[in-house]
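Colleague: So that we are looking at the same thing, I have put the structure below in structure tokens.
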Amino acid sequence: MKANVLFVFTLFLLVSFCEREEHVKSDRDFANQTFVYKYFKTEKECMDSQTSDFFINCHAQINFLDHGEAEIMVSDIIWRGEYNVIKNSIVLTFPNNFELPDETLVFKILNNKKLKRVDNHTIWEKFNGNSIWD
């Protein structure tokens with residue numbers, strides 16, 4: 001009997017210390033997170049490319065909100081839509097917009113800090129802090 005209990009306890013310890021996959025399993029895991037794609041490598045590059053009459057965005061941004069809602073900014077307009085996590089992908093829908101004519105974006109979840117936009121293969125990184133340049 002003691003051997004069985006010891007075996008189960010050891011098995012439990014081994015399982016609990018195993019490295020878990022970083023893939024997110026539900027949309028709640030993305031709620032209140034932001035991911036960005038930088039159009040420029042550095043803040044200086046972005047500022048040097050600005051004109052005096054119009055500011056060019058330095059990045060695109062996705063805000064995952066509560067209840068499966070999301071906002072995306074790819075230029076200077078913020079579009080609101082919905083998202084669903086399906087296996088290792090996030091499917092976002094943004095109806096009635098002209099910047100995303102297909103109205104749907106799909107991101108592959110690389111890990112909890114990086115997403116890959118499927119249509120153009122760009123890598124979007126999780127935003128933490130006060131500046132995208134940190």
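Within each chain, counting starts at residue 1; across the structure tokens, chains are named A, B, ... in the order shown, with ligands numbered 1 upward in that order.
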Do you know which residues are at most 8 Å from Lys38 (chain A) counting only C-alpha atoms, after dropping those on the same chain fewer than 4 positions away, and could you put them as a list of chain:residue names?
Modeller: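 Once the nearby chain positions are removed, what remains is A:Cys58, A:His59, A:Ala60, A:Trp124, A:Ile132.
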Colleague: Among region 12-127 of chain A, which residues carry a DSSP assignment of strand (DSSP E), reported as a count of residues only?
Modeller: 47
Colleague: With only C-alpha atoms as the atoms that count, which of A:Ala31, A:Val91, A:Ile86, A:Ile62 lies nearest to Val74 (chain A)?
Modeller: A:Ile62
Colleague: Leu100 (chain A): which residues within 12 Å, counting only C-alpha atoms, same-chain residues fewer than 4 positions away excluded, as a compact mmCIF listing (two decimals) with N, CA and C atoms, in the first residue's frame?
Modeller:
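So around_15.txt came out as:
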# COMPACT_ATOMS: atom_id res chain seq x y z
N ILE A 72 -8.18 46.92 -33.29
CA ILE A 72 -6.94 46.90 -34.06
C ILE A 72 -6.71 48.27 -34.67
N MET A 73 -5.45 48.69 -34.67
CA MET A 73 -5.05 49.92 -35.33
C MET A 73 -3.93 49.55 -36.30
N VAL A 74 -4.20 49.68 -37.59
CA VAL A 74 -3.16 49.42 -38.59
C VAL A 74 -2.68 50.71 -39.25
N SER A 75 -3.46 51.77 -39.16
CA SER A 75 -3.00 53.09 -39.62
C SER A 75 -3.35 54.08 -38.52
N ILE A 77 -6.73 54.64 -37.67
CA ILE A 77 -8.11 54.34 -37.31
C ILE A 77 -8.13 53.09 -36.44
N ILE A 78 -8.92 53.13 -35.38
CA ILE A 78 -9.08 51.96 -34.52
C ILE A 78 -10.39 51.28 -34.89
N TRP A 79 -10.28 50.00 -35.27
CA TRP A 79 -11.45 49.20 -35.65
C TRP A 79 -11.77 48.24 -34.52
N ARG A 80 -13.04 48.08 -34.21
CA ARG A 80 -13.47 47.16 -33.16
C ARG A 80 -14.12 45.94 -33.80
N GLY A 81 -13.77 44.77 -33.26
CA GLY A 81 -14.33 43.53 -33.76
C GLY A 81 -14.33 42.47 -32.68
N LEU A 92 -9.66 36.90 -35.88
CA LEU A 92 -10.26 38.19 -35.58
C LEU A 92 -11.15 38.59 -36.74
N THR A 93 -12.32 39.13 -36.44
CA THR A 93 -13.22 39.63 -37.48
C THR A 93 -13.52 41.10 -37.21
N PHE A 94 -13.38 41.91 -38.25
CA PHE A 94 -13.62 43.35 -38.19
C PHE A 94 -14.53 43.74 -39.35
N PRO A 95 -15.83 43.62 -39.16
CA PRO A 95 -16.77 43.92 -40.25
C PRO A 95 -16.80 45.41 -40.59
N ASN A 96 -17.15 45.69 -41.84
CA ASN A 96 -17.39 47.06 -42.32
C ASN A 96 -16.20 47.99 -42.14
N THR A 104 -11.34 39.64 -41.96
CA THR A 104 -10.85 38.61 -41.05
C THR A 104 -9.33 38.59 -41.06
N LEU A 105 -8.75 38.49 -39.88
CA LEU A 105 -7.31 38.29 -39.73
C LEU A 105 -7.10 37.03 -38.92
N VAL A 106 -6.06 36.30 -39.26
CA VAL A 106 -5.72 35.09 -38.51
C VAL A 106 -4.27 35.23 -38.04
N ASP A 119 -1.37 36.11 -43.01
CA ASP A 119 -1.37 36.61 -44.39
C ASP A 119 -0.09 37.31 -44.81
Colleague: CA of Ser131 (chain A) to CA of Val36 (chain A): how many Å, to one decimal?
Modeller: 10.7 Å
Colleague: Could you check how far CA of Phe64 (chain A) sits from CA of Asp29 (chain A), in Å to one decimal?
Modeller: 9.6 Å
Colleague: What's the separation between CA of Lys44 (chain A) and CA of Asn32 (chain A), in Å to one decimal place?
Modeller: 28.7 Å
